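Visitor: Below is the file target-v4.tsv, with TSV, N, CA and C atoms.
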chain	number	residue	atom	x	y	z
A	589	MET	N	12.09	109.60	-12.52
A	589	MET	CA	12.02	108.75	-11.38
A	589	MET	C	12.17	107.30	-11.82
A	590	LYS	N	12.97	106.60	-11.06
A	590	LYS	CA	13.24	105.21	-11.38
A	590	LYS	C	12.10	104.33	-10.88
A	591	ASN	N	11.86	103.30	-11.63
A	591	ASN	CA	10.89	102.29	-11.18
A	591	ASN	C	11.54	101.40	-10.12
A	592	PRO	N	10.85	101.19	-9.01
A	592	PRO	CA	11.43	100.30	-7.99
A	592	PRO	C	11.43	98.86	-8.51
A	593	ILE	N	12.41	98.09	-8.06
A	593	ILE	CA	12.52	96.70	-8.49
A	593	ILE	C	11.42	95.90	-7.80
A	594	LYS	N	10.69	95.16	-8.62
A	594	LYS	CA	9.62	94.33	-8.08
A	594	LYS	C	10.16	92.91	-7.93
A	595	TYR	N	9.95	92.38	-6.75
A	595	TYR	CA	10.38	91.01	-6.49
A	595	TYR	C	9.19	90.09	-6.67
A	596	ASN	N	9.37	89.10	-7.50
A	596	ASN	CA	8.33	88.09	-7.68
A	596	ASN	C	8.52	87.01	-6.62
A	597	SER	N	7.49	86.77	-5.87
A	597	SER	CA	7.60	85.72	-4.85
A	597	SER	C	7.07	84.42	-5.46
A	598	ALA	N	7.97	83.47	-5.63
A	598	ALA	CA	7.62	82.18	-6.19
A	598	ALA	C	8.65	81.16	-5.73
A	599	PHE	N	8.33	79.89	-5.93
A	599	PHE	CA	9.27	78.83	-5.58
A	599	PHE	C	10.28	78.67	-6.70
A	600	THR	N	11.48	78.39	-6.33
A	600	THR	CA	12.49	78.11	-7.34
A	600	THR	C	12.42	76.64	-7.69
A	601	LEU	N	13.07	76.26	-8.77
A	601	LEU	CA	13.09	74.85	-9.18
A	601	LEU	C	13.78	73.98	-8.13
A	602	ILE	N	14.76	74.49	-7.48
A	602	ILE	CA	15.47	73.73	-6.45
A	602	ILE	C	14.55	73.46	-5.26
A	603	GLU	N	13.79	74.46	-4.85
A	603	GLU	CA	12.86	74.27	-3.74
A	603	GLU	C	11.79	73.25	-4.09
A	604	LEU	N	11.26	73.32	-5.31
A	604	LEU	CA	10.27	72.34	-5.73
A	604	LEU	C	10.85	70.94	-5.79
A	605	ALA	N	12.09	70.82	-6.27
A	605	ALA	CA	12.73	69.51	-6.35
A	605	ALA	C	12.92	68.93	-4.95
A	606	ILE	N	13.32	69.75	-4.00
A	606	ILE	CA	13.51	69.27	-2.62
A	606	ILE	C	12.19	68.79	-2.03
A	607	VAL	N	11.12	69.52	-2.25
A	607	VAL	CA	9.80	69.13	-1.75
A	607	VAL	C	9.36	67.81	-2.38
A	608	LEU	N	9.57	67.64	-3.68
A	608	LEU	CA	9.20	66.40	-4.35
A	608	LEU	C	10.00	65.22	-3.82
A	609	VAL	N	11.27	65.42	-3.55
A	609	VAL	CA	12.10	64.34	-2.99
A	609	VAL	C	11.59	63.95	-1.61
A	610	ILE	N	11.26	64.93	-0.79
A	610	ILE	CA	10.75	64.64	0.55
A	610	ILE	C	9.43	63.89	0.49
A	611	VAL	N	8.52	64.32	-0.38
A	611	VAL	CA	7.23	63.63	-0.53
A	611	VAL	C	7.46	62.20	-1.02
A	612	GLY	N	8.37	62.03	-1.95
A	612	GLY	CA	8.67	60.68	-2.45
A	612	GLY	C	9.22	59.78	-1.36
A	613	LEU	N	10.09	60.31	-0.52
A	613	LEU	CA	10.62	59.52	0.59
A	613	LEU	C	9.53	59.13	1.58
A	614	LEU	N	8.62	60.04	1.86
A	614	LEU	CA	7.52	59.74	2.77
A	614	LEU	C	6.62	58.64	2.20
A	615	ILE	N	6.27	58.75	0.94
A	615	ILE	CA	5.42	57.74	0.31
A	615	ILE	C	6.14	56.39	0.28
A	616	GLY	N	7.41	56.40	-0.06
A	616	GLY	CA	8.18	55.16	-0.07
A	616	GLY	C	8.25	54.53	1.31
A	617	GLY	N	8.40	55.33	2.34
A	617	GLY	CA	8.42	54.81	3.71
A	617	GLY	C	7.10	54.19	4.11
A	618	VAL	N	6.01	54.81	3.74
A	618	VAL	CA	4.68	54.27	4.07
A	618	VAL	C	4.46	52.94	3.35
A	619	LEU	N	4.80	52.87	2.08
A	619	LEU	CA	4.61	51.63	1.33
A	619	LEU	C	5.50	50.52	1.86
A	620	THR	N	6.73	50.84	2.21
A	620	THR	CA	7.63	49.84	2.77
A	620	THR	C	7.11	49.36	4.12
A	621	GLY	N	6.61	50.26	4.93
A	621	GLY	CA	6.06	49.88	6.23
A	621	GLY	C	4.86	48.95	6.08
A	622	ARG	N	4.02	49.22	5.10
A	622	ARG	CA	2.86	48.36	4.86
A	622	ARG	C	3.30	46.97	4.43
A	623	ASP	N	4.32	46.89	3.58
A	623	ASP	CA	4.84	45.59	3.16
A	623	ASP	C	5.44	44.83	4.34
A	624	LEU	N	6.13	45.53	5.22
A	624	LEU	CA	6.71	44.88	6.39
A	624	LEU	C	5.63	44.33	7.31
A	625	ILE	N	4.54	45.06	7.46
A	625	ILE	CA	3.43	44.59	8.30
A	625	ILE	C	2.81	43.34	7.69
A	626	ASN	N	2.60	43.32	6.37
A	626	ASN	CA	2.04	42.14	5.72
A	626	ASN	C	2.97	40.94	5.85
A	627	GLN	N	4.27	41.16	5.70
A	627	GLN	CA	5.23	40.06	5.85
A	627	GLN	C	5.23	39.53	7.28
A	628	ALA	N	5.07	40.41	8.25
A	628	ALA	CA	5.02	39.98	9.65
A	628	ALA	C	3.78	39.14	9.91
A	629	ARG	N	2.65	39.52	9.31
A	629	ARG	CA	1.43	38.72	9.47
A	629	ARG	C	1.59	37.34	8.86
A	630	ILE	N	2.19	37.27	7.68
A	630	ILE	CA	2.40	35.98	7.02
A	630	ILE	C	3.35	35.12	7.85
A	631	ALA	N	4.42	35.73	8.35
A	631	ALA	CA	5.38	34.98	9.17
A	631	ALA	C	4.73	34.46	10.44
A	632	ALA	N	3.83	35.23	11.04
A	632	ALA	CA	3.13	34.79	12.25
A	632	ALA	C	2.21	33.61	11.95
A	633	ALA	N	1.53	33.64	10.81
A	633	ALA	CA	0.66	32.53	10.43
A	633	ALA	C	1.48	31.27	10.17
A	634	VAL	N	2.60	31.40	9.51
A	634	VAL	CA	3.47	30.24	9.25
A	634	VAL	C	4.00	29.67	10.56
A	635	ARG	N	4.40	30.56	11.47
A	635	ARG	CA	4.91	30.12	12.77
A	635	ARG	C	3.82	29.38	13.55
A	636	GLN	N	2.57	29.86	13.46
A	636	GLN	CA	1.48	29.20	14.16
A	636	GLN	C	1.22	27.80	13.58
A	637	LEU	N	1.27	27.67	12.26
A	637	LEU	CA	1.10	26.35	11.65
A	637	LEU	C	2.23	25.41	12.05
A	638	GLN	N	3.45	25.92	12.13
A	638	GLN	CA	4.57	25.09	12.56
A	638	GLN	C	4.39	24.66	14.02
A	639	ASP	N	3.86	25.55	14.86
A	639	ASP	CA	3.59	25.19	16.26
A	639	ASP	C	2.54	24.10	16.35
A	640	TYR	N	1.48	24.19	15.53
A	640	TYR	CA	0.46	23.14	15.52
A	640	TYR	C	1.07	21.81	15.07
A	641	ASN	N	1.88	21.86	14.04
A	641	ASN	CA	2.52	20.64	13.54
A	641	ASN	C	3.41	20.02	14.62
A	642	THR	N	4.17	20.86	15.31
A	642	THR	CA	5.03	20.36	16.39
A	642	THR	C	4.20	19.75	17.51
A	643	SER	N	3.09	20.39	17.86
A	643	SER	CA	2.23	19.87	18.92
A	643	SER	C	1.63	18.52	18.54
A	644	ILE	N	1.17	18.41	17.31
A	644	ILE	CA	0.59	17.14	16.85
A	644	ILE	C	1.64	16.04	16.85
A	645	ASN	N	2.84	16.35	16.35
A	645	ASN	CA	3.91	15.34	16.33
A	645	ASN	C	4.33	14.94	17.74
A	646	THR	N	4.39	15.90	18.67
A	646	THR	CA	4.73	15.59	20.05
A	646	THR	C	3.69	14.68	20.68
A	647	TYR	N	2.42	14.99	20.45
A	647	TYR	CA	1.33	14.14	20.96
A	647	TYR	C	1.44	12.73	20.38
A	648	TYR	N	1.70	12.65	19.08
A	648	TYR	CA	1.80	11.33	18.43
A	648	TYR	C	2.97	10.53	18.98
A	649	LEU	N	4.11	11.19	19.19
A	649	LEU	CA	5.27	10.48	19.74
A	649	LEU	C	5.01	10.00	21.17
A	650	LYS	N	4.25	10.77	21.94
A	650	LYS	CA	3.99	10.39	23.32
A	650	LYS	C	2.92	9.31	23.45
A	651	TYR	N	1.83	9.42	22.68
A	651	TYR	CA	0.69	8.52	22.85
A	651	TYR	C	0.47	7.56	21.68
A	652	LYS	N	1.25	7.67	20.63
A	652	LYS	CA	1.12	6.82	19.43
A	652	LYS	C	-0.27	6.91	18.81
A	653	ALA	N	-0.84	8.09	18.83
A	653	ALA	CA	-2.15	8.33	18.22
A	653	ALA	C	-2.26	9.82	17.91
A	654	LEU	N	-3.15	10.14	16.99
A	654	LEU	CA	-3.39	11.54	16.66
A	654	LEU	C	-4.34	12.16	17.68
A	655	PRO	N	-4.12	13.42	18.03
A	655	PRO	CA	-5.07	14.06	18.94
A	655	PRO	C	-6.44	14.16	18.27
A	656	GLY	N	-7.47	13.76	18.97
A	656	GLY	CA	-8.81	13.73	18.42
A	656	GLY	C	-9.19	12.37	17.87
A	657	ASP	N	-8.20	11.48	17.69
A	657	ASP	CA	-8.45	10.13	17.18
A	657	ASP	C	-7.98	9.08	18.17
A	658	HIS	N	-7.47	9.49	19.31
A	658	HIS	CA	-6.89	8.58	20.29
A	658	HIS	C	-7.99	7.73	20.91
A	659	ALA	N	-7.91	6.41	20.69
A	659	ALA	CA	-8.95	5.51	21.17
A	659	ALA	C	-8.97	5.42	22.70
A	660	GLY	N	-7.84	5.63	23.35
A	660	GLY	CA	-7.79	5.54	24.81
A	660	GLY	C	-7.51	6.88	25.46
A	661	ALA	N	-7.99	7.95	24.91
A	661	ALA	CA	-7.67	9.28	25.40
A	661	ALA	C	-8.13	9.49	26.84
A	662	THR	N	-9.31	8.97	27.21
A	662	THR	CA	-9.83	9.21	28.56
A	662	THR	C	-9.03	8.47	29.62
A	663	SER	N	-8.34	7.40	29.26
A	663	SER	CA	-7.54	6.68	30.25
A	663	SER	C	-6.16	7.31	30.43
A	664	PHE	N	-5.67	8.06	29.44
A	664	PHE	CA	-4.36	8.68	29.52
A	664	PHE	C	-4.42	10.15	29.95
A	665	ILE	N	-5.47	10.84	29.55
A	665	ILE	CA	-5.52	12.28	29.73
A	665	ILE	C	-6.71	12.64	30.60
A	666	THR	N	-6.43	13.25	31.74
A	666	THR	CA	-7.50	13.68	32.65
A	666	THR	C	-8.28	14.82	32.00
A	667	GLY	N	-9.57	14.69	31.99
A	667	GLY	CA	-10.42	15.74	31.43
A	667	GLY	C	-10.58	15.66	29.93
A	668	ALA	N	-10.18	14.55	29.31
A	668	ALA	CA	-10.35	14.41	27.86
A	668	ALA	C	-11.84	14.37	27.55
A	669	GLY	N	-12.23	14.98	26.45
A	669	GLY	CA	-13.64	15.07	26.09
A	669	GLY	C	-14.24	13.77	25.63
A	670	GLY	N	-13.45	12.82	25.26
A	670	GLY	CA	-13.95	11.54	24.78
A	670	GLY	C	-12.86	10.83	24.01
A	671	ASN	N	-13.16	9.63	23.61
A	671	ASN	CA	-12.21	8.82	22.85
A	671	ASN	C	-12.51	8.91	21.36
A	672	GLY	N	-11.48	8.76	20.57
A	672	GLY	CA	-11.66	8.62	19.13
A	672	GLY	C	-11.82	7.15	18.80
A	673	ASN	N	-11.79	6.82	17.52
A	673	ASN	CA	-11.93	5.41	17.15
A	673	ASN	C	-10.60	4.80	16.70
A	674	GLY	N	-9.52	5.58	16.66
A	674	GLY	CA	-8.19	5.05	16.37
A	674	GLY	C	-7.98	4.64	14.93
A	675	ASP	N	-8.74	5.19	13.99
A	675	ASP	CA	-8.59	4.79	12.59
A	675	ASP	C	-7.56	5.63	11.82
A	676	GLY	N	-6.88	6.56	12.52
A	676	GLY	CA	-5.86	7.38	11.86
A	676	GLY	C	-6.41	8.61	11.18
A	677	ARG	N	-7.71	8.84	11.30
A	677	ARG	CA	-8.33	10.04	10.73
A	677	ARG	C	-9.11	10.75	11.81
A	678	VAL	N	-9.09	12.06	11.78
A	678	VAL	CA	-9.85	12.84	12.73
A	678	VAL	C	-11.04	13.42	11.98
A	679	LEU	N	-12.23	12.97	12.34
A	679	LEU	CA	-13.45	13.44	11.68
A	679	LEU	C	-14.28	14.23	12.67
A	680	SER	N	-15.01	15.18	12.16
A	680	SER	CA	-15.89	15.97	12.99
A	680	SER	C	-17.26	16.02	12.35
A	681	LEU	N	-18.29	15.92	13.15
A	681	LEU	CA	-19.65	16.00	12.62
A	681	LEU	C	-19.94	17.39	12.09
A	682	TYR	N	-19.14	18.38	12.49
A	682	TYR	CA	-19.35	19.73	12.04
A	682	TYR	C	-18.76	19.96	10.65
A	683	VAL	N	-17.87	19.11	10.23
A	683	VAL	CA	-17.22	19.28	8.93
A	683	VAL	C	-17.90	18.45	7.86
A	684	TYR	N	-18.21	17.21	8.18
A	684	TYR	CA	-18.81	16.29	7.21
A	684	TYR	C	-20.31	16.19	7.45
A	685	SER	N	-21.03	15.96	6.40
A	685	SER	CA	-22.47	15.79	6.55
A	685	SER	C	-22.74	14.45	7.22
A	686	ALA	N	-23.86	14.32	7.90
A	686	ALA	CA	-24.17	13.12	8.69
A	686	ALA	C	-24.14	11.83	7.87
A	687	PRO	N	-24.68	11.76	6.64
A	687	PRO	CA	-24.63	10.49	5.91
A	687	PRO	C	-23.20	10.05	5.57
A	688	ARG	N	-22.29	11.00	5.35
A	688	ARG	CA	-20.92	10.62	4.98
A	688	ARG	C	-20.06	10.28	6.18
A	689	CYS	N	-20.43	10.77	7.36
A	689	CYS	CA	-19.60	10.59	8.55
A	689	CYS	C	-19.95	9.26	9.22
A	690	THR	N	-19.03	8.30	9.10
A	690	THR	CA	-19.27	7.00	9.69
A	690	THR	C	-18.44	6.81	10.95
A	691	SER	N	-17.78	7.85	11.40
A	691	SER	CA	-16.91	7.76	12.56
A	691	SER	C	-17.71	7.94	13.84
A	692	SER	N	-17.20	7.34	14.93
A	692	SER	CA	-17.83	7.55	16.23
A	692	SER	C	-17.22	8.75	16.94
A	693	GLU	N	-16.28	9.45	16.28
A	693	GLU	CA	-15.64	10.60	16.89
A	693	GLU	C	-16.58	11.80	16.85
A	694	SER	N	-16.66	12.50	17.95
A	694	SER	CA	-17.48	13.72	17.98
A	694	SER	C	-16.90	14.64	19.04
A	695	THR	N	-17.39	15.84	19.07
A	695	THR	CA	-16.91	16.80	20.05
A	695	THR	C	-17.81	16.82	21.28
A	696	SER	N	-18.80	15.92	21.34
A	696	SER	CA	-19.74	15.93	22.47
A	696	SER	C	-19.18	15.22	23.69
A	697	GLY	N	-18.12	14.45	23.55
A	697	GLY	CA	-17.52	13.76	24.68
A	697	GLY	C	-18.09	12.36	24.85
A	698	ALA	N	-18.93	11.91	23.95
A	698	ALA	CA	-19.53	10.58	24.09
A	698	ALA	C	-18.71	9.55	23.33
I need this file expressed as structure tokens, please.
Guide:
Amino acid sequence: MKNPIKYNSAFTLIELAIVLVIVGLLIGGVLTGRDLINQARIAAAVRQLQDYNTSINTYYLKYKALPGDHAGATSFITGAGGNGNGDGRVLSLYVYSAPRCTSSESTSGA
């Protein structure tokens, strides 16, 4: 009596290679997507800083003073919180300690 042929069930090298290529493509896609998201966040932050710069320059061209330092802000702008002292610097009591801050500028509107 002949022995029946036994088939070994296993993956071939070609099947394993195809699976490894697919896994590599998936991992590469995820890493590339993460890099694109980080680049988009950086680009958004840069765009926001450029918008702030444009706004400050527009204000300066219109009123000849920096926003927050405009000595006559309440006479030009309805609802302005207060006037600055016009020294070309914007100081805040929240940033500098009280002994170092000699400016009359504050966020209280006085």
Visitor: Grab all the atoms of stretch 597-601 of chain A that the file lists, wrap them in a box along x, y and z, add 3 Å per side, and give me centre plus edge lengths in Å (one decimal) as lines of an AutoDock Vina configuration file.
Guide:
center_x = 10.4
center_y = 80.4
center_z = -7.0
size_x = 12.7
size_y = 18.8
size_z = 10.3
Visitor: So which one's closest to A:Arg677, A:Ile610, A:Ser597, A:Arg635, A:Asp657? Using only N, CA and C atoms, please.
Guide: A:Asp657
Visitor: Counting only N, CA and C atoms, which residue out of A:Gly617, A:Gly656, A:Leu649, A:Gly667 sits closest to A:Leu679?
Guide: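 Closest to A:Leu679 of all the choices is A:Gly656.
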Visitor: Please identify all polymer residues within 8 Å of A:Leu654, counting all atoms listed in the file, omitting same-chain residues fewer than 4 positions from it, and present them as a tab-separated table (two decimals) with N, CA and C atoms, keeping the file's coordinate frame.
Guide:
chain	number	residue	atom	x	y	z
A	644	ILE	N	1.17	18.41	17.31
A	644	ILE	CA	0.59	17.14	16.85
A	644	ILE	C	1.64	16.04	16.85
A	645	ASN	N	2.84	16.35	16.35
A	645	ASN	CA	3.91	15.34	16.33
A	645	ASN	C	4.33	14.94	17.74
A	647	TYR	N	2.42	14.99	20.45
A	647	TYR	CA	1.33	14.14	20.96
A	647	TYR	C	1.44	12.73	20.38
A	648	TYR	N	1.70	12.65	19.08
A	648	TYR	CA	1.80	11.33	18.43
A	648	TYR	C	2.97	10.53	18.98
A	649	LEU	N	4.11	11.19	19.19
A	649	LEU	CA	5.27	10.48	19.74
A	649	LEU	C	5.01	10.00	21.17
A	658	HIS	N	-7.47	9.49	19.31
A	658	HIS	CA	-6.89	8.58	20.29
A	658	HIS	C	-7.99	7.73	20.91
A	659	ALA	N	-7.91	6.41	20.69
A	659	ALA	CA	-8.95	5.51	21.17
A	659	ALA	C	-8.97	5.42	22.70
A	674	GLY	N	-9.52	5.58	16.66
A	674	GLY	CA	-8.19	5.05	16.37
A	674	GLY	C	-7.98	4.64	14.93
A	676	GLY	N	-6.88	6.56	12.52
A	676	GLY	CA	-5.86	7.38	11.86
A	676	GLY	C	-6.41	8.61	11.18
A	677	ARG	N	-7.71	8.84	11.30
A	677	ARG	CA	-8.33	10.04	10.73
A	677	ARG	C	-9.11	10.75	11.81
A	678	VAL	N	-9.09	12.06	11.78
A	678	VAL	CA	-9.85	12.84	12.73
A	678	VAL	C	-11.04	13.42	11.98
Visitor: Any idea what the distance is between atom CA of A:Gly669 and atom CA of A:Pro655?
Guide: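 Pair atom CA of A:Gly669 / atom CA of A:Pro655 returns 11.2 Å.
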Visitor: Just add all heavy atoms to stretch 607-618 of chain A and send it as a compact mmCIF listing (two decimals), in the frame of the given file.
Guide:
# COMPACT_ATOMS: atom_id res chain seq x y z
N VAL A 607 11.12 69.52 -2.25
CA VAL A 607 9.80 69.13 -1.75
C VAL A 607 9.36 67.81 -2.38
O VAL A 607 8.84 66.92 -1.70
CB VAL A 607 8.76 70.25 -2.01
CG1 VAL A 607 7.35 69.76 -1.75
CG2 VAL A 607 9.07 71.46 -1.16
N LEU A 608 9.57 67.64 -3.68
CA LEU A 608 9.20 66.40 -4.35
C LEU A 608 10.00 65.22 -3.82
O LEU A 608 9.47 64.11 -3.65
CB LEU A 608 9.36 66.54 -5.86
CG LEU A 608 8.34 67.44 -6.55
CD1 LEU A 608 8.66 67.58 -8.04
CD2 LEU A 608 6.93 66.87 -6.36
N VAL A 609 11.27 65.42 -3.55
CA VAL A 609 12.10 64.34 -2.99
C VAL A 609 11.59 63.95 -1.61
O VAL A 609 11.48 62.76 -1.29
CB VAL A 609 13.59 64.77 -2.95
CG1 VAL A 609 14.40 63.83 -2.09
CG2 VAL A 609 14.16 64.85 -4.35
N ILE A 610 11.26 64.93 -0.79
CA ILE A 610 10.75 64.64 0.55
C ILE A 610 9.43 63.89 0.49
O ILE A 610 9.21 62.90 1.20
CB ILE A 610 10.63 65.94 1.38
CG1 ILE A 610 12.02 66.49 1.68
CG2 ILE A 610 9.85 65.70 2.67
CD1 ILE A 610 12.01 67.87 2.31
N VAL A 611 8.52 64.32 -0.38
CA VAL A 611 7.23 63.63 -0.53
C VAL A 611 7.46 62.20 -1.02
O VAL A 611 6.82 61.26 -0.55
CB VAL A 611 6.31 64.43 -1.49
CG1 VAL A 611 5.10 63.61 -1.88
CG2 VAL A 611 5.89 65.73 -0.82
N GLY A 612 8.37 62.03 -1.95
CA GLY A 612 8.67 60.68 -2.45
C GLY A 612 9.22 59.78 -1.36
O GLY A 612 8.85 58.60 -1.28
N LEU A 613 10.09 60.31 -0.52
CA LEU A 613 10.62 59.52 0.59
C LEU A 613 9.53 59.13 1.58
O LEU A 613 9.51 58.00 2.09
CB LEU A 613 11.74 60.29 1.29
CG LEU A 613 13.05 60.45 0.51
CD1 LEU A 613 14.00 61.36 1.27
CD2 LEU A 613 13.69 59.09 0.26
N LEU A 614 8.62 60.04 1.86
CA LEU A 614 7.52 59.74 2.77
C LEU A 614 6.62 58.64 2.20
O LEU A 614 6.23 57.71 2.92
CB LEU A 614 6.70 61.00 3.06
CG LEU A 614 7.37 62.05 3.95
CD1 LEU A 614 6.52 63.30 4.02
CD2 LEU A 614 7.61 61.48 5.33
N ILE A 615 6.27 58.75 0.94
CA ILE A 615 5.42 57.74 0.31
C ILE A 615 6.14 56.39 0.28
O ILE A 615 5.55 55.34 0.56
CB ILE A 615 4.99 58.19 -1.10
CG1 ILE A 615 4.02 59.36 -0.98
CG2 ILE A 615 4.35 57.05 -1.88
CD1 ILE A 615 3.66 60.00 -2.30
N GLY A 616 7.41 56.40 -0.06
CA GLY A 616 8.18 55.16 -0.07
C GLY A 616 8.25 54.53 1.31
O GLY A 616 8.16 53.30 1.45
N GLY A 617 8.40 55.33 2.34
CA GLY A 617 8.42 54.81 3.71
C GLY A 617 7.10 54.19 4.11
O GLY A 617 7.07 53.14 4.76
N VAL A 618 6.01 54.81 3.74
CA VAL A 618 4.68 54.27 4.07
C VAL A 618 4.46 52.94 3.35
O VAL A 618 3.98 51.97 3.95
CB VAL A 618 3.58 55.29 3.71
CG1 VAL A 618 2.20 54.65 3.77
CG2 VAL A 618 3.66 56.49 4.63
